[in-house]
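> Next up, protein38.csv (CSV, C-alpha atoms).
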chain,number,residue,atom,x,y,z
A,1,MET,CA,-104.7,-204.4,-33.1
A,2,VAL,CA,-108.1,-203.8,-34.7
A,3,MET,CA,-108.7,-207.6,-34.5
A,4,ASN,CA,-107.8,-207.7,-30.8
A,5,ILE,CA,-110.2,-204.9,-30.0
A,6,GLY,CA,-113.0,-206.6,-32.0
A,7,LYS,CA,-112.2,-209.8,-30.1
A,8,TYR,CA,-112.8,-208.2,-26.7
A,9,LYS,CA,-115.7,-205.9,-27.8
A,10,PRO,CA,-118.4,-208.0,-26.0
A,11,ILE,CA,-116.4,-207.7,-22.7
A,12,ILE,CA,-115.9,-204.0,-23.2
A,13,GLU,CA,-119.6,-203.5,-23.9
A,14,ASN,CA,-120.7,-205.6,-21.0
A,15,PHE,CA,-118.3,-203.9,-18.7
A,16,PHE,CA,-119.7,-200.5,-19.7
A,17,SER,CA,-123.3,-201.7,-19.3
A,18,LEU,CA,-122.7,-203.1,-15.8
A,19,SER,CA,-120.7,-200.0,-14.9
A,20,VAL,CA,-123.7,-197.8,-15.9
A,21,LEU,CA,-126.0,-200.0,-13.8
A,22,ASN,CA,-123.7,-199.6,-10.8
A,23,VAL,CA,-123.4,-195.9,-11.2
A,24,VAL,CA,-127.2,-195.7,-11.3
A,25,ASN,CA,-127.5,-197.9,-8.2
A,26,ILE,CA,-124.9,-195.7,-6.3
A,27,VAL,CA,-126.5,-192.4,-7.4
A,28,LEU,CA,-130.0,-193.6,-6.4
A,29,GLN,CA,-128.7,-194.9,-3.1
A,30,LEU,CA,-127.1,-191.5,-2.4
A,31,ILE,CA,-130.5,-190.0,-3.0
A,32,THR,CA,-132.7,-192.5,-1.2
A,33,LEU,CA,-130.8,-194.0,1.7
A,34,PRO,CA,-130.2,-190.8,3.7
A,35,TYR,CA,-133.9,-189.8,3.2
A,36,ILE,CA,-135.2,-193.2,4.2
A,37,LEU,CA,-133.0,-193.4,7.4
A,38,SER,CA,-134.0,-189.9,8.4
A,39,ILE,CA,-137.7,-190.5,8.0
A,40,VAL,CA,-138.2,-194.0,9.4
A,41,GLY,CA,-135.5,-194.1,12.1
A,42,LYS,CA,-133.2,-196.8,13.3
A,43,ASP,CA,-135.8,-199.1,14.9
A,44,ASN,CA,-138.1,-199.2,11.9
A,45,TYR,CA,-135.3,-199.5,9.5
A,46,GLY,CA,-134.2,-202.6,11.5
A,47,ILE,CA,-137.7,-204.2,11.1
A,48,TYR,CA,-137.7,-203.4,7.4
A,49,SER,CA,-134.2,-204.8,6.9
A,50,TYR,CA,-135.2,-208.1,8.6
A,51,VAL,CA,-138.3,-208.6,6.5
A,52,TYR,CA,-136.4,-207.6,3.4
A,53,MET,CA,-133.8,-210.3,4.2
A,54,VAL,CA,-136.5,-213.0,4.7
A,55,VAL,CA,-137.8,-212.2,1.2
A,56,GLN,CA,-134.3,-212.2,-0.2
A,57,TYR,CA,-133.7,-215.7,1.2
A,58,ILE,CA,-136.7,-217.0,-0.6
A,59,ILE,CA,-135.3,-215.4,-3.8
A,60,LEU,CA,-131.9,-216.9,-3.0
A,61,PHE,CA,-133.3,-220.4,-2.7
A,62,SER,CA,-135.5,-220.0,-5.8
A,63,THR,CA,-132.4,-218.7,-7.7
A,64,TYR,CA,-130.8,-222.0,-6.8
A,65,GLY,CA,-127.5,-222.1,-8.8
A,66,PHE,CA,-129.0,-220.9,-12.1
A,67,ASN,CA,-127.3,-217.5,-12.2
A,68,TYR,CA,-124.1,-219.5,-12.8
A,69,SER,CA,-125.1,-222.9,-14.2
A,70,ALA,CA,-127.7,-221.4,-16.7
A,71,THR,CA,-125.3,-218.6,-17.6
A,72,LYS,CA,-122.6,-221.1,-18.4
A,73,GLN,CA,-125.0,-223.3,-20.5
A,74,ILE,CA,-126.4,-220.4,-22.5
A,75,SER,CA,-122.9,-219.0,-23.1
A,76,GLN,CA,-121.8,-222.3,-24.6
A,77,GLN,CA,-125.0,-222.9,-26.6
A,78,ARG,CA,-125.8,-219.3,-27.6
A,79,ASN,CA,-126.2,-220.2,-31.3
A,80,ASP,CA,-128.9,-222.9,-30.6
A,81,ASN,CA,-132.2,-221.1,-30.1
A,82,SER,CA,-134.1,-224.4,-29.4
A,83,ALA,CA,-131.7,-225.2,-26.5
A,84,ILE,CA,-131.8,-221.7,-25.1
A,85,THR,CA,-135.6,-221.8,-25.1
A,86,ARG,CA,-135.6,-225.1,-23.2
A,87,ILE,CA,-133.1,-223.7,-20.7
A,88,TYR,CA,-135.2,-220.5,-20.3
A,89,ASN,CA,-138.5,-222.2,-19.6
A,90,ALA,CA,-137.0,-225.0,-17.4
A,91,VAL,CA,-135.1,-222.5,-15.2
A,92,ILE,CA,-138.2,-220.3,-14.7
A,93,GLY,CA,-140.3,-223.4,-14.0
A,94,CYS,CA,-137.8,-224.5,-11.3
A,95,LYS,CA,-137.6,-221.1,-9.7
A,96,MET,CA,-141.4,-220.9,-9.6
A,97,LEU,CA,-141.7,-224.3,-7.9
A,98,ILE,CA,-139.1,-223.5,-5.2
A,99,ALA,CA,-140.5,-220.0,-4.5
A,100,ALA,CA,-144.1,-221.3,-4.1
A,101,LEU,CA,-143.1,-224.0,-1.6
A,102,LEU,CA,-141.0,-221.6,0.4
A,103,THR,CA,-143.5,-218.8,0.5
A,104,VAL,CA,-146.2,-221.2,1.8
A,105,ALA,CA,-143.7,-222.5,4.4
A,106,VAL,CA,-143.0,-219.0,5.7
A,107,ILE,CA,-146.7,-218.1,5.8
A,108,LEU,CA,-147.4,-221.3,7.9
A,109,CYS,CA,-144.5,-220.5,10.2
A,110,SER,CA,-145.2,-216.7,10.3
A,111,GLY,CA,-145.8,-216.7,14.1
A,112,TRP,CA,-142.2,-217.9,14.7
A,113,VAL,CA,-140.5,-216.0,11.8
A,114,PHE,CA,-142.0,-212.6,12.6
A,115,GLU,CA,-142.0,-211.2,16.1
A,116,GLU,CA,-144.2,-208.2,15.1
A,117,ARG,CA,-147.4,-208.6,13.2
A,118,ILE,CA,-146.4,-205.7,11.0
A,119,GLY,CA,-143.5,-207.9,9.8
A,120,TYR,CA,-145.9,-210.6,8.5
A,121,MET,CA,-147.9,-207.9,6.7
A,122,MET,CA,-144.8,-206.5,5.1
A,123,PHE,CA,-143.8,-210.0,4.0
A,124,LEU,CA,-147.0,-210.4,2.1
A,125,LEU,CA,-146.5,-207.0,0.5
A,126,GLY,CA,-143.0,-208.2,-0.5
A,127,THR,CA,-144.1,-211.3,-2.4
A,128,GLY,CA,-144.1,-209.1,-5.6
A,129,MET,CA,-140.3,-209.1,-5.3
A,130,ILE,CA,-140.3,-212.9,-5.5
A,131,ILE,CA,-142.5,-213.0,-8.6
A,132,GLY,CA,-140.5,-210.2,-10.3
A,133,ASP,CA,-137.2,-212.0,-9.7
A,134,ILE,CA,-138.6,-215.2,-11.1
A,135,LEU,CA,-139.5,-213.4,-14.4
A,136,ASN,CA,-136.2,-211.6,-14.6
A,137,PRO,CA,-133.6,-213.9,-16.4
A,138,VAL,CA,-130.4,-212.1,-15.6
A,139,TRP,CA,-128.6,-215.4,-16.5
A,140,LEU,CA,-130.0,-215.2,-20.0
A,141,PHE,CA,-128.7,-211.7,-20.6
A,142,GLN,CA,-125.3,-212.6,-19.0
A,143,GLY,CA,-124.9,-215.8,-21.0
A,144,MET,CA,-125.7,-214.1,-24.3
A,145,GLU,CA,-123.2,-211.4,-23.3
A,146,LYS,CA,-126.0,-208.8,-23.8
A,147,MET,CA,-125.8,-207.2,-20.4
A,148,LYS,CA,-127.1,-203.9,-21.7
A,149,TYR,CA,-130.6,-205.4,-21.4
A,150,MET,CA,-129.9,-206.3,-17.7
A,151,THR,CA,-128.8,-202.7,-17.2
A,152,LEU,CA,-131.9,-201.3,-18.8
A,153,VAL,CA,-134.3,-203.6,-16.9
A,154,ASN,CA,-132.7,-203.2,-13.4
A,155,SER,CA,-132.1,-199.5,-13.8
A,156,SER,CA,-135.8,-199.0,-14.6
A,157,SER,CA,-136.7,-201.0,-11.5
A,158,LYS,CA,-134.4,-198.9,-9.2
A,159,ILE,CA,-135.6,-195.6,-10.7
A,160,VAL,CA,-139.3,-196.6,-10.1
A,161,PHE,CA,-138.4,-197.5,-6.5
A,162,THR,CA,-136.6,-194.2,-5.9
A,163,VAL,CA,-139.4,-192.0,-7.4
A,164,LEU,CA,-142.1,-193.9,-5.4
A,165,VAL,CA,-140.1,-193.5,-2.1
A,166,PHE,CA,-140.4,-189.7,-2.2
A,167,PHE,CA,-144.0,-189.8,-3.2
A,168,VAL,CA,-145.2,-192.4,-0.7
A,169,VAL,CA,-142.9,-192.4,2.4
A,170,HIS,CA,-143.4,-189.2,4.4
A,171,CYS,CA,-143.5,-190.2,8.1
A,172,MET,CA,-142.1,-192.8,10.4
A,173,ASP,CA,-145.3,-194.9,10.2
A,174,ASP,CA,-144.8,-195.3,6.4
A,175,PHE,CA,-141.8,-197.6,6.8
A,176,TYR,CA,-143.8,-200.7,6.0
A,177,LEU,CA,-144.5,-199.3,2.5
A,178,LEU,CA,-140.8,-199.6,1.6
A,179,ILE,CA,-141.3,-203.4,0.9
A,180,LEU,CA,-144.3,-202.6,-1.3
A,181,LEU,CA,-142.3,-200.1,-3.3
A,182,ASN,CA,-139.5,-202.8,-3.8
A,183,SER,CA,-142.2,-205.1,-5.1
A,184,CYS,CA,-143.3,-202.6,-7.6
A,185,GLY,CA,-139.8,-202.2,-8.9
A,186,TYR,CA,-139.1,-205.9,-9.1
A,187,LEU,CA,-142.4,-206.6,-10.9
A,188,LEU,CA,-141.7,-203.9,-13.5
A,189,ALA,CA,-138.3,-205.4,-14.1
A,190,GLY,CA,-139.8,-208.9,-14.5
A,191,ILE,CA,-142.4,-207.9,-17.0
A,192,PHE,CA,-139.9,-205.8,-18.9
A,193,SER,CA,-137.6,-208.8,-19.1
A,194,LEU,CA,-140.2,-211.1,-20.5
A,195,VAL,CA,-140.8,-208.6,-23.4
A,196,LEU,CA,-137.0,-208.2,-24.0
A,197,ALA,CA,-136.4,-212.0,-24.0
A,198,ARG,CA,-139.0,-212.5,-26.6
A,199,LYS,CA,-138.1,-209.6,-28.9
A,200,GLN,CA,-134.3,-209.9,-28.7
A,201,PHE,CA,-133.7,-213.6,-28.3
A,202,ASN,CA,-136.9,-215.1,-29.7
A,203,VAL,CA,-137.6,-217.1,-26.5
A,204,LYS,CA,-141.2,-217.6,-25.4
A,205,LEU,CA,-142.7,-218.7,-22.2
A,206,ALA,CA,-144.0,-222.3,-22.3
A,207,ILE,CA,-144.6,-225.1,-19.9
A,208,PRO,CA,-141.3,-226.9,-19.5
A,209,SER,CA,-140.9,-230.7,-19.5
A,210,MET,CA,-140.1,-232.4,-16.2
A,211,ARG,CA,-137.0,-233.8,-17.8
A,212,ASP,CA,-135.6,-230.3,-18.6
A,213,MET,CA,-136.4,-229.1,-15.1
A,214,MET,CA,-134.6,-232.1,-13.6
A,215,THR,CA,-131.6,-231.4,-15.8
A,216,GLN,CA,-131.5,-227.8,-14.5
A,217,PHE,CA,-131.9,-228.9,-10.9
A,218,LYS,CA,-129.0,-231.4,-11.3
A,219,ASP,CA,-126.7,-228.9,-13.2
A,220,GLY,CA,-127.3,-226.1,-10.7
A,221,GLY,CA,-127.0,-228.2,-7.6
A,222,ALA,CA,-123.3,-227.6,-6.9
A,223,MET,CA,-123.7,-223.8,-7.6
A,224,PHE,CA,-126.8,-223.7,-5.4
A,225,GLY,CA,-124.7,-224.9,-2.5
A,226,SER,CA,-122.1,-222.3,-3.3
A,227,THR,CA,-124.7,-219.5,-3.7
A,228,PHE,CA,-126.5,-220.5,-0.5
A,229,GLY,CA,-123.3,-220.7,1.5
A,230,MET,CA,-122.2,-217.3,0.1
A,231,ASN,CA,-125.4,-215.6,1.1
A,232,LEU,CA,-125.3,-217.5,4.4
A,233,TYR,CA,-122.2,-215.7,5.5
A,234,ARG,CA,-123.1,-212.4,3.8
A,235,ASN,CA,-126.8,-212.0,4.8
A,236,ALA,CA,-127.6,-214.3,7.7
A,237,HIS,CA,-126.2,-211.8,10.1
A,238,VAL,CA,-129.3,-209.7,10.0
A,239,ILE,CA,-131.5,-212.7,10.7
A,240,ILE,CA,-129.3,-213.8,13.6
A,241,LEU,CA,-128.8,-210.4,15.1
A,242,LYS,CA,-132.6,-209.8,15.0
A,243,HIS,CA,-133.0,-212.4,17.8
A,244,PHE,CA,-130.1,-211.1,20.0
A,245,VAL,CA,-129.9,-207.4,19.7
A,246,SER,CA,-132.3,-204.4,19.4
A,247,ASN,CA,-133.9,-203.3,16.1
A,248,GLU,CA,-131.7,-200.2,16.4
A,249,ALA,CA,-128.5,-202.3,16.3
A,250,VAL,CA,-129.9,-204.3,13.3
A,251,GLY,CA,-130.6,-201.0,11.5
A,252,LEU,CA,-127.1,-199.8,12.2
A,253,PHE,CA,-125.4,-202.9,10.9
A,254,SER,CA,-127.7,-203.0,7.8
A,255,ALA,CA,-127.0,-199.4,7.0
A,256,ALA,CA,-123.2,-200.0,7.3
A,257,GLU,CA,-123.4,-203.2,5.3
A,258,LYS,CA,-125.3,-201.4,2.5
A,259,VAL,CA,-122.5,-198.9,2.2
A,260,ILE,CA,-119.9,-201.6,1.8
A,261,HIS,CA,-122.1,-203.4,-0.7
A,262,GLY,CA,-122.3,-200.2,-2.7
A,263,PHE,CA,-118.6,-200.0,-2.9
A,264,GLN,CA,-118.3,-203.7,-3.8
A,265,SER,CA,-120.7,-203.1,-6.6
A,266,VAL,CA,-118.3,-200.6,-8.1
A,267,MET,CA,-115.7,-203.4,-8.4
A,268,LEU,CA,-118.0,-206.1,-9.8
A,269,PRO,CA,-118.8,-205.0,-13.4
A,270,ALA,CA,-115.4,-206.1,-14.9
A,271,ALA,CA,-115.5,-209.5,-13.1
A,272,GLN,CA,-119.1,-210.1,-14.1
A,273,ALA,CA,-118.5,-209.2,-17.7
A,274,LEU,CA,-115.6,-211.7,-17.8
A,275,PHE,CA,-117.5,-214.7,-16.4
A,276,PRO,CA,-119.4,-215.7,-19.6
A,277,HIS,CA,-116.3,-214.8,-21.8
A,278,ILE,CA,-114.0,-216.9,-19.6
A,279,SER,CA,-116.6,-219.7,-19.6
A,280,LEU,CA,-116.5,-219.9,-23.4
A,281,LYS,CA,-112.7,-219.4,-23.6
A,282,PHE,CA,-111.8,-222.1,-21.0
A,283,LYS,CA,-113.9,-224.7,-22.9
A,284,ASP,CA,-111.2,-225.2,-25.5
A,285,LYS,CA,-108.0,-224.4,-23.5
A,286,SER,CA,-105.7,-226.6,-21.5
A,287,ARG,CA,-105.5,-226.4,-17.7
A,288,THR,CA,-102.0,-224.8,-17.9
A,289,GLU,CA,-103.3,-222.0,-20.2
A,290,ASN,CA,-106.3,-221.4,-18.0
A,291,MET,CA,-104.1,-221.2,-14.9
A,292,ALA,CA,-101.9,-218.6,-16.6
A,293,THR,CA,-105.0,-216.6,-17.5
A,294,MET,CA,-106.1,-216.6,-13.9
A,295,ARG,CA,-102.8,-215.4,-12.6
A,296,ARG,CA,-102.9,-212.5,-15.0
A,297,MET,CA,-106.4,-211.6,-13.9
A,298,LEU,CA,-105.9,-211.7,-10.1
A,299,PHE,CA,-103.3,-209.0,-9.6
A,300,PRO,CA,-105.0,-206.0,-11.2
A,301,PHE,CA,-108.4,-206.9,-9.6
A,302,ALA,CA,-106.8,-207.3,-6.2
A,303,SER,CA,-104.9,-204.0,-6.5
A,304,LEU,CA,-108.0,-202.0,-7.4
A,305,ALA,CA,-109.9,-203.6,-4.5
A,306,ILE,CA,-107.1,-202.6,-2.0
A,307,ILE,CA,-107.3,-199.0,-3.3
A,308,ALA,CA,-111.1,-198.9,-2.9
A,309,ALA,CA,-110.9,-200.4,0.7
A,310,LEU,CA,-108.3,-197.8,1.7
A,311,PHE,CA,-110.5,-195.1,0.4
A,312,VAL,CA,-113.5,-196.4,2.4
A,313,TYR,CA,-111.4,-196.8,5.6
A,314,LEU,CA,-109.9,-193.3,5.5
A,315,PHE,CA,-113.1,-191.5,4.5
A,316,ALA,CA,-115.5,-193.5,6.5
A,317,PRO,CA,-116.8,-190.5,8.5
A,318,TRP,CA,-117.6,-188.5,5.4
A,319,ILE,CA,-119.1,-191.5,3.7
A,320,SER,CA,-121.3,-192.3,6.7
A,321,ASP,CA,-122.6,-188.7,6.9
A,322,LEU,CA,-123.3,-188.7,3.2
A,323,LEU,CA,-125.0,-192.0,2.9
A,324,CYS,CA,-126.5,-192.6,6.3
A,325,GLY,CA,-126.9,-189.2,7.9
A,326,LYS,CA,-125.3,-187.6,10.9
A,327,GLU,CA,-127.6,-189.5,13.3
A,328,PHE,CA,-126.0,-192.8,12.2
A,329,LYS,CA,-122.4,-192.0,13.4
A,330,GLU,CA,-122.3,-195.4,15.1
A,331,CYS,CA,-121.9,-196.8,11.5
A,332,ILE,CA,-118.4,-195.3,11.1
A,333,PRO,CA,-116.5,-198.1,13.0
A,334,LEU,CA,-118.6,-200.7,11.4
A,335,ILE,CA,-117.8,-199.4,7.9
A,336,ARG,CA,-114.1,-199.3,8.7
A,337,ILE,CA,-114.1,-202.9,10.0
A,338,MET,CA,-116.0,-204.1,6.9
A,339,SER,CA,-113.8,-202.2,4.4
A,340,LEU,CA,-111.7,-205.4,4.2
A,341,VAL,CA,-114.7,-207.2,2.7
A,342,ILE,CA,-114.1,-205.2,-0.5
A,343,VAL,CA,-110.7,-206.8,-1.0
A,344,PHE,CA,-111.5,-210.3,0.1
A,345,GLY,CA,-114.9,-210.3,-1.8
A,346,GLU,CA,-113.3,-209.2,-5.1
A,347,ILE,CA,-110.6,-211.9,-4.9
A,348,ASN,CA,-113.2,-214.5,-4.0
A,349,TYR,CA,-115.3,-213.7,-7.1
A,350,ILE,CA,-112.3,-213.9,-9.4
A,351,ALA,CA,-110.7,-217.0,-7.9
A,352,GLY,CA,-113.9,-218.8,-7.0
A,353,ILE,CA,-116.6,-218.0,-9.6
A,354,VAL,CA,-114.6,-216.9,-12.6
A,355,GLY,CA,-111.8,-219.4,-11.9
A,356,LEU,CA,-113.0,-222.5,-10.1
A,357,VAL,CA,-116.5,-222.6,-11.6
A,358,ASN,CA,-115.3,-222.2,-15.2
A,359,MET,CA,-112.7,-224.8,-14.6
A,360,ASN,CA,-115.4,-227.3,-13.6
A,361,ARG,CA,-114.3,-227.3,-9.9
A,362,GLN,CA,-117.7,-226.0,-8.6
A,363,ASN,CA,-117.8,-228.9,-6.1
A,364,TYR,CA,-114.7,-227.7,-4.4
A,365,PHE,CA,-116.0,-224.1,-4.5
A,366,PHE,CA,-119.4,-225.4,-3.1
A,367,GLY,CA,-117.7,-227.1,-0.2
A,368,SER,CA,-115.6,-224.1,0.6
A,369,VAL,CA,-118.5,-221.6,0.5
A,370,LEU,CA,-120.8,-223.9,2.6
A,371,ALA,CA,-118.1,-224.4,5.2
A,372,THR,CA,-117.5,-220.6,5.3
A,373,GLY,CA,-121.3,-220.0,5.7
A,374,VAL,CA,-121.6,-222.3,8.7
A,375,ILE,CA,-118.5,-220.9,10.4
A,376,SER,CA,-119.8,-217.4,9.8
A,377,CYS,CA,-123.1,-218.1,11.5
A,378,MET,CA,-121.3,-219.7,14.4
A,379,ILE,CA,-119.1,-216.6,14.9
A,380,THR,CA,-122.2,-214.3,14.8
A,381,LEU,CA,-124.0,-216.5,17.3
A,382,ALA,CA,-121.0,-216.6,19.6
A,383,LEU,CA,-120.4,-212.8,19.5
A,384,ALA,CA,-124.0,-211.4,19.2
A,385,ALA,CA,-124.7,-211.2,22.9
A,386,TYR,CA,-121.3,-209.5,23.7
A,387,CYS,CA,-120.5,-207.4,20.6
A,388,ASN,CA,-123.9,-206.1,19.5
A,389,ALA,CA,-123.9,-205.0,15.9
A,390,TYR,CA,-120.1,-205.5,15.8
A,391,ALA,CA,-120.7,-209.3,15.8
A,392,GLY,CA,-122.0,-209.1,12.2
A,393,ALA,CA,-119.1,-207.0,11.0
A,394,ILE,CA,-116.4,-209.2,12.5
A,395,SER,CA,-118.1,-212.3,11.3
A,396,LEU,CA,-118.4,-211.0,7.7
A,397,VAL,CA,-114.8,-210.0,7.5
A,398,ALA,CA,-113.6,-213.3,9.0
A,399,SER,CA,-115.7,-215.4,6.7
A,400,GLU,CA,-114.6,-213.5,3.5
A,401,ALA,CA,-111.0,-213.9,4.6
A,402,LEU,CA,-111.4,-217.7,5.2
A,403,LEU,CA,-113.1,-218.2,1.8
A,404,MET,CA,-110.3,-216.2,0.1
A,405,ILE,CA,-107.7,-218.6,1.5
A,406,MET,CA,-109.7,-221.7,0.5
A,407,CYS,CA,-110.4,-220.4,-3.0
A,408,LEU,CA,-106.7,-219.5,-3.7
A,409,TYR,CA,-105.6,-222.8,-2.3
A,410,GLY,CA,-108.0,-224.6,-4.5
A,411,LEU,CA,-107.0,-222.6,-7.6
A,412,PHE,CA,-103.2,-222.7,-7.3
A,413,LYS,CA,-102.1,-225.4,-4.8
A,414,ASN,CA,-104.6,-228.1,-5.3
A,415,ASN,CA,-105.4,-227.8,-9.1
A,416,LYS,CA,-104.1,-231.3,-10.0
Write out the structure in this file as structure tokens.


Amino acid sequence: MVMNIGKYKPIIENFFSLSVLNVVNIVLQLITLPYILSIVGKDNYGIYSYVYMVVQYIILFSTYGFNYSATKQISQQRNDNSAITRIYNAVIGCKMLIAALLTVAVILCSGWVFEERIGYMMFLLGTGMIIGDILNPVWLFQGMEKMKYMTLVNSSSKIVFTVLVFFVVHCMDDFYLLILLNSCGYLLAGIFSLVLARKQFNVKLAIPSMRDMMTQFKDGGAMFGSTFGMNLYRNAHVIILKHFVSNEAVGLFSAAEKVIHGFQSVMLPAAQALFPHISLKFKDKSRTENMATMRRMLFPFASLAIIAALFVYLFAPWISDLLCGKEFKECIPLIRIMSLVIVFGEINYIAGIVGLVNMNRQNYFFGSVLATGVISCMITLALAAYCNAYAGAISLVASEALLMIMCLYGLFKNNK
């Protein structure tokens, strides 16, 4: 029994670390979200959400597929410091190149991307988020199964943002500063991560070779498609809705989606802690053994997700008042509709990322996610003019359900 506990000690430690991070995120959101919404209002929060999403898309593209491909590589080569250092520098070099190209592209197309001039100014203030993300190697901490460092770094970032919000944002016209405060938090996390990587894992920043960068681009390609598709159906709704509905409607959808994301984050620590462990375990096991492991994992995770979704649906009015404020009562039906996302999203993570990716079926997962992303955008476009903010909620639920069906089929029915 002692031996078994020792065997799973890294998973337990990582689960605890990620749980602490999520508790911090939830508590800080409980503190900041109602304050922000009450101060800046629905319209300004809609503008902020749009600009924030543009920045997040640059971060998404620069992240490529490294959060999974690099995590997997580091997990399997964690005893080879030379290999880890090459991966570390090559991934940061790749992210820097992608981010620079995309930032310049957005600046050149700013007249089309941002309807309001304040949006362009906010984007410039938000470039610190991009730099901070480049310097924050969550894939290194996850691959080494040392997620306590990721918790330490990201908690510090969130705490800085929270403190600054109450010191800086005092009236409706201060809404543009929210992006700047996010940049401060991201930059702090990035600098802190560089120090931790050097002290704890003996990896130092250096100019990577073109060969190493090309290797990372190639290895992360399939997961980039999957990550892009995933964010396409999860985050594109704000971008699309911005061009069809009012800023107020965008703000309502964004607030409701943030609530759902908060509850999803409660479910993720165990699954995230399992990813590098399963990656290492599946390396030496047969397909039959791996499939048996996946069957044992899916039921408890799905059961917990169903319980969480029922809680959100039943207590949506109370949750909305607590997190969004009484003036955001229109969020209640949106929260109830999207409560299903908690169930579908958890199953997708286990079946798709923990299962298919670690079984080297990332190409199937990539195709499934990309198809889901395209269909999701089509649904939002078709419904936006008629359903207002509900278009995003309906599209998000439909796309998560579709991806769940495709992932489960790929895992159990088409595994030969």

> To one decimal place in Å, what is the distance between atom CA of Val369 of chain A and atom CA of Leu411 of chain A?

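Computing it gives 14.1 Å between the two atoms.
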
> Quote the spacing between atom CA of Val153 of chain A and atom CA of Ala189 of chain A in Å to one decimal place.

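Atom CA of Ala189 of chain A lies at a distance of 5.2 Å from atom CA of Val153 of chain A.
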
> Please determine the residues with any atom at most 10 Å from (-141.5, -193.6, 13.1) (coordinates as given in the file, with only C-alpha atoms counting) and report them as a list in words.

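Protein, DNA and RNA residues close to (-141.5, -193.6, 13.1): Ser38, Ile39, Val40, Gly41, Lys42, Asp43, Asn44, Tyr45, His170, Cys171, Met172, Asp173, Asp174 and Phe175 of chain A.
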
> For segment 66-146 of chain A against segment 349-357 of chain A, with a cut-off of 10 Å and counting all atoms listed in the file, what is the closest atom pair and its distance in Å to one decimal for every residue that makes the cut, ordered by chain and number, as CSV?


residue,atom,partner,partner_atom,distance
A:Tyr68,CA,A:Ile353,CA,8.3
A:Ser69,CA,A:Val357,CA,9.0
A:Lys72,CA,A:Val357,CA,9.3

> List the neighbours of Val27 of chain A out to 12 Å using only C-alpha atoms; skip same-chain residues closer than 3 positions along the sequence, and give me the result as a ChimeraX atom specification.

/A:20-24,30-34,155,158-159,162,262-263,266,322-323

> Tell me, in Å to one decimal, how far atom CA of Leu177 of chain A is from atom CA of Leu125 of chain A.

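Taking atom CA of Leu177 of chain A and atom CA of Leu125 of chain A, their separation equals 8.2 Å.
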
> Which residue is closest to Arg287 of chain A? Choose from A:Phe412, A:Ser193, A:Gly325, A:Gln362 and count all atoms listed in the file.

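Looking only at the distances to Arg287 of chain A, the closest residue turns out to be A:Phe412.
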
> What's around Ile405 of chain A at 12 Å? Count all atoms listed in the file, leave out sequence neighbours fewer than 3 positions away in its own chain, and write the answer as a list in words.

Phe344, Gly345, Ile347, Asn348, Ala351, Gly352, Phe365, Ser368, Val369, Thr372, Ala398, Ser399, Glu400, Ala401, Leu402, Leu408, Tyr409, Gly410, Leu411, Phe412 and Lys413 of chain A

> Considering all atoms listed in the file, state which residue in the set A:Ala384, A:Leu188, A:Ile179, A:Ile131 is at the smallest distance from Asn154 of chain A.

A:Leu188

> Show me, as a list in words, the residues that have an atom within 8 Å of Asp212 of chain A when counting all atoms listed in the file, minus same-chain residues fewer than 6 positions from it.

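Residues meeting the cut-off are Arg86, Ile87 and Ala90 of chain A.
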
> Which residues are close to segment 196-198 of chain A, i.e. within 9 Å by only C-alpha atoms, leaving aside same-chain residues fewer than 3 positions away? Reply as a PyMOL selection string.

chain A and resi 137+140-141+149+153+191-193+201-205

> Given only C-alpha atoms as the basis, pick out the residue of A:Lys258, A:Met294, A:Ala236, A:Leu194 nearest to Phe282 of chain A.

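That would be A:Met294, the residue with the smallest distance to Phe282 of chain A.
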
> Please provide as a compact mmCIF listing (two decimals) with C-alpha atoms, in the coordinates of the input all residues within 12 Å of Phe66 of chain A, with the sequence filter that same-chain residues fewer than 6 positions apart are discarded (counting only C-alpha atoms).


# COMPACT_ATOMS: atom_id res chain seq x y z
CA ILE A 59 -135.30 -215.40 -3.80
CA LEU A 60 -131.90 -216.90 -3.00
CA LYS A 72 -122.60 -221.10 -18.40
CA GLN A 73 -125.00 -223.30 -20.50
CA ILE A 74 -126.40 -220.40 -22.50
CA ILE A 87 -133.10 -223.70 -20.70
CA TYR A 88 -135.20 -220.50 -20.30
CA ALA A 90 -137.00 -225.00 -17.40
CA VAL A 91 -135.10 -222.50 -15.20
CA ILE A 92 -138.20 -220.30 -14.70
CA GLY A 93 -140.30 -223.40 -14.00
CA CYS A 94 -137.80 -224.50 -11.30
CA LYS A 95 -137.60 -221.10 -9.70
CA ILE A 134 -138.60 -215.20 -11.10
CA PRO A 137 -133.60 -213.90 -16.40
CA VAL A 138 -130.40 -212.10 -15.60
CA TRP A 139 -128.60 -215.40 -16.50
CA LEU A 140 -130.00 -215.20 -20.00
CA GLN A 142 -125.30 -212.60 -19.00
CA GLY A 143 -124.90 -215.80 -21.00
CA MET A 213 -136.40 -229.10 -15.10
CA THR A 215 -131.60 -231.40 -15.80
CA GLN A 216 -131.50 -227.80 -14.50
CA PHE A 217 -131.90 -228.90 -10.90
CA LYS A 218 -129.00 -231.40 -11.30
CA ASP A 219 -126.70 -228.90 -13.20
CA GLY A 220 -127.30 -226.10 -10.70
CA GLY A 221 -127.00 -228.20 -7.60
CA ALA A 222 -123.30 -227.60 -6.90
CA MET A 223 -123.70 -223.80 -7.60
CA PHE A 224 -126.80 -223.70 -5.40
CA GLY A 225 -124.70 -224.90 -2.50
CA SER A 226 -122.10 -222.30 -3.30
CA THR A 227 -124.70 -219.50 -3.70
CA PHE A 228 -126.50 -220.50 -0.50
